[in-house]
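S.K.: Sharing a structure below in structure tokens format, with a few things to ask.
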Protein chains: 4
Amino acid sequence: MARAAKSKAAAVTSRRDEIIEVAAQVIAERGIKGATVRDIGQAAGILSGSLYYHFDSKEQIVLELLLPSIEEQYERSLAIRAQAVSPTAALTELIRTSVHETAKHPNQAVILRNEARTFRDVEALAPVAELRAKTVALYVEVVNAGRKSGEFRSDIDVDIVVRAMFDGLLGAARWFTGPRRRKPEQVAAALVDLYVHSLQP
Amino acid sequence: MARAAKSKAAAVTSRRDEIIEVAAQVIAERGIKGATVRDIGQAAGILSGSLYYHFDSKEQIVLELLLPSIEEQYERSLAIRAQAVSPTAALTELIRTSVHETAKHPNQAVILRNEARTFRDVEALAPVAELRAKTVALYVEVVNAGRKSGEFRSDIDVDIVVRAMFDGLLGAARWFTGPRRRKPEQVAAALVDLYVHSLQP
Amino acid sequence: MARAAKSKAAAVTSRRDEIIEVAAQVIAERGIKGATVRDIGQAAGILSGSLYYHFDSKEQIVLELLLPSIEEQYERSLAIRAQAVSPTAALTELIRTSVHETAKHPNQAVILRNEARTFRDVEALAPVAELRAKTVALYVEVVNAGRKSGEFRSDIDVDIVVRAMFDGLLGAARWFTGPRRRKPEQVAAALVDLYVHSLQP
Amino acid sequence: MARAAKSKAAAVTSRRDEIIEVAAQVIAERGIKGATVRDIGQAAGILSGSLYYHFDSKEQIVLELLLPSIEEQYERSLAIRAQAVSPTAALTELIRTSVHETAKHPNQAVILRNEARTFRDVEALAPVAELRAKTVALYVEVVNAGRKSGEFRSDIDVDIVVRAMFDGLLGAARWFTGPRRRKPEQVAAALVDLYVHSLQP
DNA sequence: GATGAATGAGCTTTCATTCAT
DNA sequence: CATGAATGAAAGCTCATTCAT
């Protein structure tokens with residue numbers, strides 16, 4: 001009976017989570033506008049109308065599929081900055097964590113990369129846009145700290161550099177899907193090297 | 001009369017080009033799927049149906065709006081590689097040109113960045129996808145040449161570095177639209193510095 | 001100058017008639033609804049808008065293209081009935097004339113056959129429907145006369161027989177267009193034989 | 001309860017079939033091009049968009065509405081030819097069956113008569129055109145058999161006669177719709193008499 | 001007489017969403 | 001929980017028609 005209860009509880013969350021996982025894949029492939037609720041339903045093995053038993057709207061599915069992973073990422077980033085012994089160590093760890101997170105949730109990363117405009121325009125997805133902005137701001141702060149401490153070059157345009165870095169990180173999902181795969185460590189190492197090296201005097 | 005003839009000649013190409021320019025802006029703002037032909041028509045000051053006097057389909061508008069600028073960019077890239085005195089000079093010039101091109105056609109750049117998936121999936125837009133792939137390949141070749149010549153570090157994953165670089169360049173449109181603008185030279189300099197520096201031993 | 005005037009006069013009617021002839025072909029091929037004014041214009045070598053210099057509407061083109069030939073046919077039918085020495089001779093001549101007329105204007109015949117419904121429904125084309133009805137009535141009268149005179153069998157349902165005959169005649173255009181052509185005399189003979197023979201005791 | 005189950009089972013096929021039946025009527029009245037999906041939806045009591053829950057396209061509706069009845073007719077024709085004791089008997093039965101089938105599905109017959117061109121031109125409707133051609137061919141074979149056996153006159157142009165016959169049969173729907181109705185037996189008898197009589201020496 | 005550009009109504013189709021069963 | 005059927009709004013596109021040049 002403990003077993004039954006457990007599997008029941010598991011199943012309860014599972015159905016929603018299953019749908020979310022499947023939706024992430026479909027939406028990563030076709031975009032938010034391009035992925036229809038029929039597509040999502042079909043991939044989940046139910047009719048599109050049945051999705052509305054689990055979710056209030058398509059937007060809500062998108063939100064629930066993105067929010068946990070970027071919240072987690074943002075909180076980890078906060079922790080990293082708080083605990084890091086130096087800006088260099090902080091940035092290194094931020095990049096590394098970002099890449100590993102992307103490897104774990106490549107579909108979410110793809111959506112995040114491609115639909116920034118949607119997050120700005122669709123009311124319901126504002127939290128996503130907001131967390132993204134906060135994450136970028138955090139990167140900027142770390143780089144600025146490095147400039148002050150002398151670890152990073154001072155003759156750089158921080159905004160431009162950080163945005164370019166961010167764009168590079170957002171594209172990393174490419175290495176964890178489809179053909180030409182890489183190991184997360186490999187990608188993380190390459191990007192840490194690229195960006196940290198470029199900031200050093 | 002020379003003047004009249006001239007303005008007449010200008011008007012001949014003008015209507016189509018006007019529409020294309022306006023469409024680029026609308027589509028950059030809302031995406032290919034998100035921008036309706038009604039939106040485009042309204043921005044151009046005509047009814048959506050009237051667009052079909054000038055173009056066969058929405059897809060054709062997208063194609064005509066993208067193809068010239070990426071063709072130009074690709075051909076310039078070929079010329080740069082052919083004429084550059086060294087891989088370092090070549091890469092520097094590639095980045096600089098890319099940024100300036102982006103500054104000249106920011107809407108096209110935004111679309112190019114956000115809709116890569118669409119180019120792959122929509123038959124009619126295949127030429128765009130193809131040119132993009134060829135441009136990436138050209139960057140890879142230049143970086144590889146630099147590694148062989150010893151100008152660039154040999155301990156890098158070229159694919160990862162070039163893709164990250166490309167992602168950074170594709171995002172540059174952000175600095176030429178909306179608020180927080182930068183001068184093209186400034187952005188070009190920052191990105192040249194970022195990427196070339198990171199490749200040097 | 002007589003020549004010039006003549007060729008001018010000829011040209012004046014010619015343009016309209018040219019268009020009508022070309023329209024007949026296009027409409028026979030694609031139907032009244034299916035043939036667009038663009039199609040017609042293109043076949044005539046002008047833009048669709050230019051058709052409206054010559055005609056008030058698409059409907060008017062259809063009307064002008066059909067009316068002359070069915071008016072002529074109706075009047076000939078009247079004359080035949082008036083002059084014929086017997087119902088058998090009359091029917092024979094009606095069928096023969098109908099086939100030859102069809103051979104001369106196969107496109108009109110095709111339209112007449114396929115769009116009877118349109119003539120009923122479209123106000124402007126009412127004259128066509130009316131003339132058709134009158135022609136059918138004339139056939140009925142001739143057959144009835146033959147029954148009274150004893151030349152034709154009296155044990156037939158005149159309405160049914162005449163309609164079937166008419167359907168057969170309307171389909172004759174098939175032998176004067178496309179592949180598998182026949183000579184008008186051949187078709188006329190075959191149909192005279194078929195229908196007259198079937199009416200004889 | 002048996003009753004409930006039955007009506008349920010009936011309802012299962014019912015919705016699609018209801019729509020098809022209603023579409024047949026609307027399309028017979030206005031033609032394939034002239035009948036809009038809105039017309040069909042309205043006649044079926046739903047919005048046009050809802051039709052697409054049941055069918056993929058308007059073309060599919062047309063196909064499903066025609067195919068069963070002409071398939072049935074073709075197969076019956078095959079059976080008749082196989083079982084008939086003589087060409088005369090075969091032709092008699094072919095005509096009789098055709099008329100009764102037309103009486104049962106007058107809307108389909110009207111469409112079949114008026115839209116032959118459409119079946120040729122619209123890819124999706126090719127099966128209809130094909131079956132029609134095969135049916136005509138079958139009639140030709142039967143008449144040819146009769147000529148060889150001496151039952152039918154040998155001095156006729158078989159193609160012309162059979163086509164005229166076919167045109168007459170296709171028009172028979174007129175007697176089963178609107179005013180001036182006839183009983184199927186009456187029409188069948190009249191047409192059998194007309195065509196068989198005309199073929200006999 | 002003809003063109004080029006546009007209108008406006010209407011077309012087929014798509015899609016997020018709702019709801020009785 | 002899920003289905004089957006529908007809604008209603010909106011999408012891309014077509015087409016007869018108009019009109020200044």
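Labels for the structure tokens follow display order: chains A, B, ..., residues from 1 in each chain, ligands from 1.
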I want to know what sits within 12 Å of Lys58 in chain D, based on only C-alpha atoms (C1' of nucleotides), with residues of the same chain fewer than 6 positions away left out; could you give that as JSON, numbers by chain?

M.R.: {"D": [19, 20, 23, 24, 27, 32, 33, 34, 35, 36, 37, 38, 39, 40, 41, 48, 49, 50, 51, 52, 64, 65, 122, 124, 125], "E": [11, 12, 13]}

S.K.: Pull the alpha helix (DSSP H) assignments for range 9-124 of chain C out of DSSP run on the backbone, and list those residues as a ChimeraX atom specification.

M.R.: /C:9-30,37-44,51-54,58-83,87-104,106-114,116-121

S.K.: Show me which bits of chain E are within 8 Å of chain A, counting only C-alpha atoms (C1' of nucleotides), as a VMD selection string.

M.R.: chain E and resid 15 to 17

S.K.: Could those selected residues go to a file with C-alpha atoms (C1' of nucleotides), as a JSON list (two decimals), in the first residue's frame?

M.R.:
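Result written to part_30.json:
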```json
[["chain", "number", "residue", "atom", "x", "y", "z"],
["E", 15, "DC", "C1'", -5.95, 27.13, -33.85],
["E", 16, "DA", "C1'", -6.58, 28.09, -28.77],
["E", 17, "DT", "C1'", -10.17, 27.19, -26.09]]
```

S.K.: For chain F, which residues have at least one atom within 12 Å of chain A, if we go by only C-alpha atoms (C1' of nucleotides)? Write them as a PyMOL selection string, please.

M.R.: chain F and resi 1-6

S.K.: Deliver the residues from the most recent selection as a file, using N, CA and C atoms (P, O5', C5', C4', C3', O3' and C1' of nucleotides), as a PDB file, in the first residue's frame.

M.R.:
```
ATOM      1  P    DC F   1      -4.998  11.830 -12.627  1.00  0.00           P
ATOM      2  O5'  DC F   1      -5.542  12.872 -13.655  1.00  0.00           O
ATOM      3  C5'  DC F   1      -6.917  12.730 -14.158  1.00  0.00           C
ATOM      4  C4'  DC F   1      -6.959  11.857 -15.383  1.00  0.00           C
ATOM      5  C3'  DC F   1      -6.457  12.543 -16.641  1.00  0.00           C
ATOM      6  O3'  DC F   1      -5.933  11.517 -17.490  1.00  0.00           O
ATOM      7  C1'  DC F   1      -8.793  12.108 -16.808  1.00  0.00           C
ATOM      8  P    DA F   2      -5.101  11.897 -18.765  1.00  0.00           P
ATOM      9  O5'  DA F   2      -6.240  11.814 -19.878  1.00  0.00           O
ATOM     10  C5'  DA F   2      -6.740  10.527 -20.218  1.00  0.00           C
ATOM     11  C4'  DA F   2      -7.941  10.675 -21.114  1.00  0.00           C
ATOM     12  C3'  DA F   2      -7.716  11.497 -22.373  1.00  0.00           C
ATOM     13  O3'  DA F   2      -7.685  10.608 -23.473  1.00  0.00           O
ATOM     14  C1'  DA F   2      -9.836  11.956 -21.347  1.00  0.00           C
ATOM     15  P    DT F   3      -7.662  11.217 -24.977  1.00  0.00           P
ATOM     16  O5'  DT F   3      -9.214  11.307 -25.298  1.00  0.00           O
ATOM     17  C5'  DT F   3     -10.005  10.121 -25.179  1.00  0.00           C
ATOM     18  C4'  DT F   3     -11.392  10.365 -25.734  1.00  0.00           C
ATOM     19  C3'  DT F   3     -11.406  10.975 -27.137  1.00  0.00           C
ATOM     20  O3'  DT F   3     -12.312  10.223 -27.917  1.00  0.00           O
ATOM     21  C1'  DT F   3     -12.731  12.280 -25.663  1.00  0.00           C
ATOM     22  P    DG F   4     -12.222  10.262 -29.484  1.00  0.00           P
ATOM     23  O5'  DG F   4     -13.498  11.168 -29.770  1.00  0.00           O
ATOM     24  C5'  DG F   4     -14.680  10.923 -29.004  1.00  0.00           C
ATOM     25  C4'  DG F   4     -15.756  11.893 -29.403  1.00  0.00           C
ATOM     26  C3'  DG F   4     -15.678  12.405 -30.831  1.00  0.00           C
ATOM     27  O3'  DG F   4     -17.023  12.581 -31.266  1.00  0.00           O
ATOM     28  C1'  DG F   4     -15.432  14.232 -29.358  1.00  0.00           C
ATOM     29  P    DA F   5     -17.278  12.996 -32.755  1.00  0.00           P
ATOM     30  O5'  DA F   5     -17.710  14.526 -32.620  1.00  0.00           O
ATOM     31  C5'  DA F   5     -18.876  14.818 -31.855  1.00  0.00           C
ATOM     32  C4'  DA F   5     -18.916  16.296 -31.585  1.00  0.00           C
ATOM     33  C3'  DA F   5     -18.838  17.161 -32.846  1.00  0.00           C
ATOM     34  O3'  DA F   5     -20.044  17.884 -32.931  1.00  0.00           O
ATOM     35  C1'  DA F   5     -17.436  17.998 -31.113  1.00  0.00           C
ATOM     36  P    DA F   6     -20.398  18.631 -34.251  1.00  0.00           P
ATOM     37  O5'  DA F   6     -20.011  20.144 -33.880  1.00  0.00           O
ATOM     38  C5'  DA F   6     -20.707  20.718 -32.794  1.00  0.00           C
ATOM     39  C4'  DA F   6     -19.892  21.801 -32.145  1.00  0.00           C
ATOM     40  C3'  DA F   6     -19.568  23.005 -33.020  1.00  0.00           C
ATOM     41  O3'  DA F   6     -20.612  23.961 -32.895  1.00  0.00           O
ATOM     42  C1'  DA F   6     -17.827  22.454 -31.451  1.00  0.00           C
TER      43       DA F   6
END
```

S.K.: Could you list, as a PyMOL selection string, the residues of chain A having an atom within 10 Å of chain B when counting only C-alpha atoms?

M.R.: chain A and resi 28-34+113-118+121+155-172+174-175+180+182+186-191+193-201

S.K.: Grab the CA of Lys104 in chain A to CA of Thr177 in chain A distance for me, in Å with one decimal place.

M.R.: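 Distance between the two atoms: 10.7 Å.
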